[in-house]
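Undergrad: Here it is, the structure in full.
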Amino acid sequence: MRQHLAWTLAAAAVLAAAPTASPAAAHNCPRLTSTWYGANRARLQQVIDAYGTCSGHRGAVATFDWDNTVTKNDVTDAALSWALRHDRLLRPARWKDTSAWLTDTADRALTAACGTGAGTPLRSSARPRCTDEIVRIRESGTTTSGAPAFAGHWNHRRTVPQYAWVPQLFAGRTPAELASYARSARREALTAPVGATRTLGTRTVPAYVRYYDQQRDLIRTLRRAGFEVYVVSAGAEPVTEVWSRAVGVDAAHTIAIRPVLDRRGRITVWNEGCGGVPATRGAVIPYIDGKRCWINQEVYGVRGATAWKQQPWKRRPALAAGDADTDVTFVGDATGAHLVINRNKPELMCRAYDDADGHWLVNPMFIAPLPRRPEPYPCATTARTHPDGTLGPLRRADGSVVPDRADTVY
């Protein structure tokens, strides 16, 4: 009741401050048509009406994570799967060169399973051990033996090495080549039945991807209402761009890991930087606080260290959507609605269920939703990831600790 009342009062304040739409304009207001959980469609519609053309506005920003927010399943993983099955990766001279944090153990494991060869094709389709090693490192950050694949120091709210590693695996290819692999993977994944799996190496992985109809409808309605819609993802940008076009989001509005290219236009193991941090081998990607930085820099033109900070109300998205702890910072920056797809990720779900400003909306996954989490989320003890990788309590803006929260939307 408290959360519903807070939302109602906040929405009323936004609507009261907005210009009143004429009867003719109101009749033509873009409307959501798909089915959402509970009152979420109505609450999203309030934001669209308050910030969009119905109230005389144009140019409000909406930002969406991509994988498992707009689509079911991960599109960068689909592209990597396709590339491994079709021998599209190139061997490095040394596997250790592919990441600033790759361990000697991982280097030895990859060398034994995949070989080296300074730009020669990696025949991974005939090397299940090689595929297993790459997929395991990508999924868990460990080798198939269970040893850590990455070690050293990095800011755990700005990057995670195994996410940065996927674009680095395509070093030597061009963005156009990577996009062509993504298009082939997209055709394959959209054709596969919902729930389909495949064997990749010796592992079983999802074989299908689907656009969520509700998110397509939301993005379409936002754009019709004059919003600037952006995608911000920790995937490889040439891959994400292939998928985002189908929901009307072009390359200029798609933000993901951007590889630095060499003089011949080929992908390197370096990626572009943000917030005053120069190009690195993966130290700054669109990940947790990095997503805020990239939105501030690329959408609002904020440069230097200021891009890491929450911006004034008028320089923040009206609506933001995500599904994982990687999205918690930018989703929390939204001024009108924080839309969360429930995948049981503790930091994000603690923020959502605490609903400090009354603007948080939780929706189950639209395809194969997870069951209710049986235990409360550990908001008061280990929900927040600190920059050094340790876990601690989640705090509100006033410093108070968020109490543990039960899972109620599933």
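Naming works like this for the structure tokens: A, B, ... for the chains as they're shown, residue 1 at the start of each chain, ligands 1 onward in shown order.
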Could you pull the residues within 9 Å of Cys114 of chain A, counting only C-alpha atoms, minus those fewer than 4 positions along the same chain, as a count of residues only?
TA: 11
Undergrad: How would you write, as a PyMOL selection string, the set of residues in segment 114-352 of chain A that DSSP gives as helix (DSSP H, G or I)?
TA: chain A and resi 114+124-126+128-140+161-169+175-191+213-224+237-247+251-253+289-298+304-308+313-315+325-333+346-352
Undergrad: Determine, counting only C-alpha atoms, which protein, DNA and RNA residues have an atom within 9 Å of an atom of segment 158-167 of chain A; residues of the same chain fewer than 2 positions away are not included. Present the result as an NGL selection string.
TA: :A and (76-77 or 80 or 98-102 or 137-141 or 149-150 or 154-156 or 169-171 or 234-237 or 257-259 or 267-269 or 271 or 281-291 or 387)
Undergrad: Need the shell around segment 222-228 of chain A: protein/DNA/RNA residues with any atom at most 7 Å away, counting only C-alpha atoms. Skip same-chain ones fewer than 4 positions apart. Format as a CSV table (one decimal) with N, CA and C atoms, in the first residue's frame?
TA:
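Output contents, as saved in around07.csv:
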```csv
chain,number,residue,atom,x,y,z
A,30,PRO,N,0.0,7.8,-28.1
A,30,PRO,CA,0.4,6.4,-28.3
A,30,PRO,C,0.1,5.5,-27.1
A,48,ILE,N,4.8,7.4,-20.1
A,48,ILE,CA,4.8,7.8,-21.5
A,48,ILE,C,3.9,9.0,-21.7
A,52,GLY,N,6.0,12.4,-22.7
A,52,GLY,CA,6.0,12.3,-24.2
A,52,GLY,C,5.1,13.4,-24.8
A,53,THR,N,4.8,13.2,-26.1
A,53,THR,CA,4.1,14.2,-26.9
A,53,THR,C,2.7,14.5,-26.4
A,58,ARG,N,8.9,16.4,-26.2
A,58,ARG,CA,9.6,15.5,-27.1
A,58,ARG,C,11.1,15.5,-26.7
A,59,GLY,N,11.7,14.3,-26.9
A,59,GLY,CA,13.1,14.2,-26.6
A,59,GLY,C,13.5,13.6,-25.3
A,60,ALA,N,12.5,13.2,-24.5
A,60,ALA,CA,12.8,12.4,-23.3
A,60,ALA,C,13.5,11.2,-23.6
A,61,VAL,N,14.4,10.7,-22.7
A,61,VAL,CA,15.2,9.5,-23.0
A,61,VAL,C,14.7,8.3,-22.3
A,62,ALA,N,14.7,7.1,-22.9
A,62,ALA,CA,14.5,5.8,-22.3
A,62,ALA,C,15.7,5.0,-22.7
A,218,LEU,N,6.6,-1.7,-26.0
A,218,LEU,CA,7.0,-0.5,-25.2
A,218,LEU,C,7.9,0.4,-25.9
```
Undergrad: Just checking: using only C-alpha atoms, which residue out of A:Ala189, A:Ala337, A:Ala256, A:Ala182 ends up closest to Thr71 of chain A?
TA: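 Closest candidate: A:Ala189.
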Undergrad: Enumerate the residues of segment 82-164 of chain A with a DSSP assignment of strand (DSSP E or B), computed from the backbone, and present them as a ChimeraX atom specification.
TA: /A:90,102,121,142,148,150
Undergrad: Would you output that residue set with N, CA and C atoms, as a tab-separated table (two decimals), in the first residue's frame?
TA:
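The resulting file, out29.tsv, is reproduced below:
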```
chain	number	residue	atom	x	y	z
A	90	LEU	N	40.04	-16.42	-34.60
A	90	LEU	CA	41.44	-16.53	-35.01
A	90	LEU	C	42.29	-16.79	-33.77
A	102	LEU	N	44.06	-12.45	-17.70
A	102	LEU	CA	44.04	-13.89	-17.90
A	102	LEU	C	45.19	-14.53	-17.11
A	121	PRO	N	43.20	-19.49	-38.47
A	121	PRO	CA	41.85	-19.88	-38.04
A	121	PRO	C	41.87	-20.92	-36.93
A	142	THR	N	36.12	-19.24	-14.92
A	142	THR	CA	37.03	-20.30	-14.48
A	142	THR	C	37.33	-21.22	-15.66
A	148	PRO	N	40.62	-20.30	-11.31
A	148	PRO	CA	40.29	-18.95	-11.78
A	148	PRO	C	40.95	-18.65	-13.11
A	150	PHE	N	40.84	-15.52	-14.41
A	150	PHE	CA	41.27	-14.12	-14.36
A	150	PHE	C	41.73	-13.79	-12.94
```
Undergrad: Might you pull out every residue within 12 Å of Thr335 of chain A, with only C-alpha atoms counted and same-chain residues fewer than 2 positions away left off, and present them as an MDAnalysis selection string?
TA: chainID A and resid 7 10:11 14 47 50:51 60:63 310:320 330:333 337:339 357:360
Undergrad: Those same residues - N, CA, C and O atoms - I'd like them written as a CSV table (one decimal), in the first residue's frame.
TA:
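The resulting file, out03.csv, is shown below:
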```csv
chain,number,residue,atom,x,y,z
A,7,TRP,N,3.9,5.7,-5.5
A,7,TRP,CA,3.9,5.8,-6.9
A,7,TRP,C,2.8,6.8,-7.4
A,7,TRP,O,3.0,7.6,-8.2
A,10,ALA,N,3.8,10.4,-6.7
A,10,ALA,CA,4.9,10.8,-7.6
A,10,ALA,C,4.4,11.0,-9.0
A,10,ALA,O,4.7,12.0,-9.7
A,11,ALA,N,3.6,10.1,-9.5
A,11,ALA,CA,3.1,10.2,-10.9
A,11,ALA,C,2.2,11.4,-11.0
A,11,ALA,O,2.2,12.1,-12.0
A,14,VAL,N,4.3,14.5,-11.4
A,14,VAL,CA,4.9,14.6,-12.7
A,14,VAL,C,3.8,15.1,-13.7
A,14,VAL,O,4.0,16.0,-14.5
A,47,VAL,N,3.9,7.2,-17.4
A,47,VAL,CA,5.2,7.8,-17.7
A,47,VAL,C,5.3,8.3,-19.2
A,47,VAL,O,5.7,9.4,-19.5
A,50,ALA,N,3.2,11.4,-19.5
A,50,ALA,CA,3.7,12.5,-18.8
A,50,ALA,C,4.9,13.1,-19.4
A,50,ALA,O,5.1,14.4,-19.4
A,51,TYR,N,5.8,12.3,-20.0
A,51,TYR,CA,7.1,12.7,-20.5
A,51,TYR,C,7.0,12.9,-22.1
A,51,TYR,O,8.0,13.3,-22.7
A,60,ALA,N,12.5,13.2,-24.5
A,60,ALA,CA,12.8,12.4,-23.3
A,60,ALA,C,13.5,11.2,-23.6
A,60,ALA,O,13.3,10.6,-24.7
A,61,VAL,N,14.4,10.7,-22.7
A,61,VAL,CA,15.2,9.5,-23.0
A,61,VAL,C,14.7,8.3,-22.3
A,61,VAL,O,14.3,8.4,-21.1
A,62,ALA,N,14.7,7.1,-22.9
A,62,ALA,CA,14.5,5.8,-22.3
A,62,ALA,C,15.7,5.0,-22.7
A,62,ALA,O,16.2,4.9,-23.8
A,63,THR,N,16.2,4.2,-21.7
A,63,THR,CA,17.3,3.4,-21.8
A,63,THR,C,17.0,1.9,-21.4
A,63,THR,O,16.4,1.7,-20.4
A,310,GLN,N,25.9,10.6,-10.8
A,310,GLN,CA,24.5,10.8,-11.1
A,310,GLN,C,24.3,12.3,-11.5
A,310,GLN,O,24.7,13.2,-10.8
A,311,GLN,N,23.6,12.5,-12.6
A,311,GLN,CA,23.4,13.8,-13.2
A,311,GLN,C,22.1,14.5,-12.6
A,311,GLN,O,21.3,13.8,-12.0
A,312,PRO,N,22.0,15.8,-12.8
A,312,PRO,CA,20.7,16.5,-12.4
A,312,PRO,C,19.5,15.8,-13.1
A,312,PRO,O,19.6,15.2,-14.2
A,313,TRP,N,18.4,16.0,-12.5
A,313,TRP,CA,17.1,15.4,-13.0
A,313,TRP,C,16.9,15.5,-14.5
A,313,TRP,O,16.5,14.5,-15.1
A,314,LYS,N,17.1,16.7,-15.0
A,314,LYS,CA,16.8,16.9,-16.5
A,314,LYS,C,17.9,16.2,-17.4
A,314,LYS,O,17.6,16.2,-18.6
A,315,ARG,N,18.9,15.7,-16.8
A,315,ARG,CA,19.9,15.0,-17.7
A,315,ARG,C,20.0,13.5,-17.3
A,315,ARG,O,21.1,12.9,-17.3
A,316,ARG,N,18.8,13.0,-17.0
A,316,ARG,CA,18.7,11.6,-16.7
A,316,ARG,C,17.6,11.0,-17.5
A,316,ARG,O,16.6,11.7,-17.8
A,317,PRO,N,17.6,9.7,-17.8
A,317,PRO,CA,16.5,9.0,-18.5
A,317,PRO,C,15.2,9.1,-17.7
A,317,PRO,O,15.2,9.1,-16.5
A,318,ALA,N,14.1,9.2,-18.5
A,318,ALA,CA,12.8,9.2,-17.8
A,318,ALA,C,12.5,7.7,-17.5
A,318,ALA,O,11.8,7.5,-16.4
A,319,LEU,N,12.9,6.8,-18.3
A,319,LEU,CA,12.6,5.4,-18.0
A,319,LEU,C,13.8,4.6,-18.3
A,319,LEU,O,14.6,4.9,-19.3
A,320,ALA,N,14.1,3.6,-17.5
A,320,ALA,CA,15.2,2.7,-17.7
A,320,ALA,C,14.8,1.3,-17.3
A,320,ALA,O,14.0,1.1,-16.4
A,330,PHE,N,22.2,2.4,-13.7
A,330,PHE,CA,21.5,3.2,-14.6
A,330,PHE,C,20.0,3.1,-14.5
A,330,PHE,O,19.2,4.1,-14.7
A,331,VAL,N,19.5,1.9,-14.1
A,331,VAL,CA,18.0,1.8,-13.9
A,331,VAL,C,17.6,2.7,-12.7
A,331,VAL,O,16.6,3.3,-12.8
A,332,GLY,N,18.4,2.7,-11.7
A,332,GLY,CA,18.1,3.6,-10.6
A,332,GLY,C,18.2,5.1,-10.9
A,332,GLY,O,17.6,5.9,-10.1
A,333,ASP,N,18.9,5.5,-11.9
A,333,ASP,CA,19.0,6.9,-12.3
A,333,ASP,C,17.7,7.4,-12.9
A,333,ASP,O,17.5,8.6,-13.0
A,337,ALA,N,10.4,5.9,-14.2
A,337,ALA,CA,10.1,4.5,-13.9
A,337,ALA,C,11.4,3.7,-14.0
A,337,ALA,O,12.2,3.9,-15.0
A,338,HIS,N,11.6,2.8,-13.1
A,338,HIS,CA,12.7,1.9,-13.0
A,338,HIS,C,12.1,0.5,-13.3
A,338,HIS,O,11.5,-0.1,-12.4
A,339,LEU,N,12.2,0.0,-14.5
A,339,LEU,CA,11.5,-1.3,-14.9
A,339,LEU,C,12.5,-2.4,-14.7
A,339,LEU,O,13.6,-2.4,-15.3
A,357,ASP,N,11.7,5.4,-4.0
A,357,ASP,CA,11.0,6.6,-4.6
A,357,ASP,C,9.6,6.3,-5.1
A,357,ASP,O,9.0,7.2,-5.7
A,358,GLY,N,9.2,5.0,-5.0
A,358,GLY,CA,7.8,4.7,-5.5
A,358,GLY,C,7.8,4.5,-7.0
A,358,GLY,O,6.7,4.4,-7.5
A,359,HIS,N,8.9,4.5,-7.7
A,359,HIS,CA,8.9,4.4,-9.1
A,359,HIS,C,9.4,3.1,-9.7
A,359,HIS,O,9.6,2.9,-10.9
A,360,TRP,N,9.6,2.1,-8.8
A,360,TRP,CA,10.2,0.8,-9.3
A,360,TRP,C,9.0,-0.1,-9.7
A,360,TRP,O,8.0,-0.3,-8.9
```
Undergrad: Grab the atom CA of Thr329 of chain A to atom CA of Gln45 of chain A distance for me, in Å with one decimal place.
TA: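 Going from atom CA of Thr329 of chain A over to atom CA of Gln45 of chain A, I get 23.1 Å.
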Undergrad: Excluding Leu394 of chain A and any residue of its chain fewer than 2 positions from it, enumerate the residues within 9 Å of it, using only C-alpha atoms, and give them as a list in words.
TA: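 Selected residues are Glu347, Cys350, Arg351, Pro378, Cys379, Ala380, Thr381, Thr382, Ala383, Arg384, Thr385, Gly392, Arg396, Ser400, Val401, Val402 and Pro403 of chain A.
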Undergrad: Grab the residues selected above and save them as a tab-separated table (two decimals), in the first residue's frame with N, CA, C and O atoms.
TA:
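Saved the output as selection.tsv:
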```
chain	number	residue	atom	x	y	z
A	347	GLU	N	21.25	-7.41	-5.93
A	347	GLU	CA	21.34	-5.96	-5.76
A	347	GLU	C	20.20	-5.25	-6.46
A	347	GLU	O	19.58	-4.32	-5.90
A	350	CYS	N	16.82	-6.03	-4.60
A	350	CYS	CA	16.72	-5.31	-3.34
A	350	CYS	C	16.31	-3.86	-3.58
A	350	CYS	O	15.47	-3.30	-2.87
A	351	ARG	N	16.93	-3.22	-4.57
A	351	ARG	CA	16.53	-1.85	-4.91
A	351	ARG	C	15.06	-1.81	-5.34
A	351	ARG	O	14.30	-0.92	-4.94
A	378	PRO	N	19.42	-10.98	0.37
A	378	PRO	CA	20.28	-10.57	1.50
A	378	PRO	C	20.68	-9.10	1.43
A	378	PRO	O	21.87	-8.75	1.45
A	379	CYS	N	19.67	-8.23	1.35
A	379	CYS	CA	19.92	-6.80	1.15
A	379	CYS	C	20.78	-6.20	2.26
A	379	CYS	O	21.64	-5.35	2.00
A	380	ALA	N	20.56	-6.64	3.48
A	380	ALA	CA	21.22	-6.03	4.64
A	380	ALA	C	22.63	-6.55	4.88
A	380	ALA	O	23.33	-6.03	5.76
A	381	THR	N	23.06	-7.54	4.11
A	381	THR	CA	24.37	-8.14	4.38
A	381	THR	C	25.29	-8.21	3.16
A	381	THR	O	26.41	-7.71	3.20
A	382	THR	N	24.84	-8.81	2.06
A	382	THR	CA	25.78	-9.09	0.96
A	382	THR	C	25.23	-8.73	-0.43
A	382	THR	O	25.73	-9.23	-1.43
A	383	ALA	N	24.24	-7.87	-0.53
A	383	ALA	CA	23.62	-7.60	-1.83
A	383	ALA	C	24.47	-6.71	-2.73
A	383	ALA	O	24.39	-6.81	-3.95
A	384	ARG	N	25.26	-5.83	-2.15
A	384	ARG	CA	26.01	-4.86	-2.96
A	384	ARG	C	27.42	-5.34	-3.24
A	384	ARG	O	28.14	-5.81	-2.35
A	385	THR	N	27.82	-5.22	-4.51
A	385	THR	CA	29.20	-5.50	-4.90
A	385	THR	C	30.01	-4.22	-4.81
A	385	THR	O	29.67	-3.21	-5.43
A	392	GLY	N	28.72	-6.38	0.46
A	392	GLY	CA	28.32	-5.71	1.68
A	392	GLY	C	26.86	-5.33	1.64
A	392	GLY	O	26.14	-5.63	0.68
A	396	ARG	N	20.53	2.99	1.32
A	396	ARG	CA	19.74	4.03	0.65
A	396	ARG	C	20.56	5.31	0.57
A	396	ARG	O	21.66	5.41	1.11
A	400	SER	N	20.92	4.67	5.35
A	400	SER	CA	20.29	3.56	6.05
A	400	SER	C	20.40	2.28	5.24
A	400	SER	O	20.44	2.30	4.01
A	401	VAL	N	20.45	1.15	5.95
A	401	VAL	CA	20.60	-0.15	5.30
A	401	VAL	C	19.24	-0.66	4.84
A	401	VAL	O	18.25	-0.60	5.59
A	402	VAL	N	19.21	-1.17	3.62
A	402	VAL	CA	17.99	-1.77	3.10
A	402	VAL	C	17.79	-3.12	3.79
A	402	VAL	O	18.69	-3.96	3.78
A	403	PRO	N	16.64	-3.34	4.41
A	403	PRO	CA	16.42	-4.65	5.04
A	403	PRO	C	16.23	-5.75	4.00
A	403	PRO	O	15.92	-5.47	2.84
```
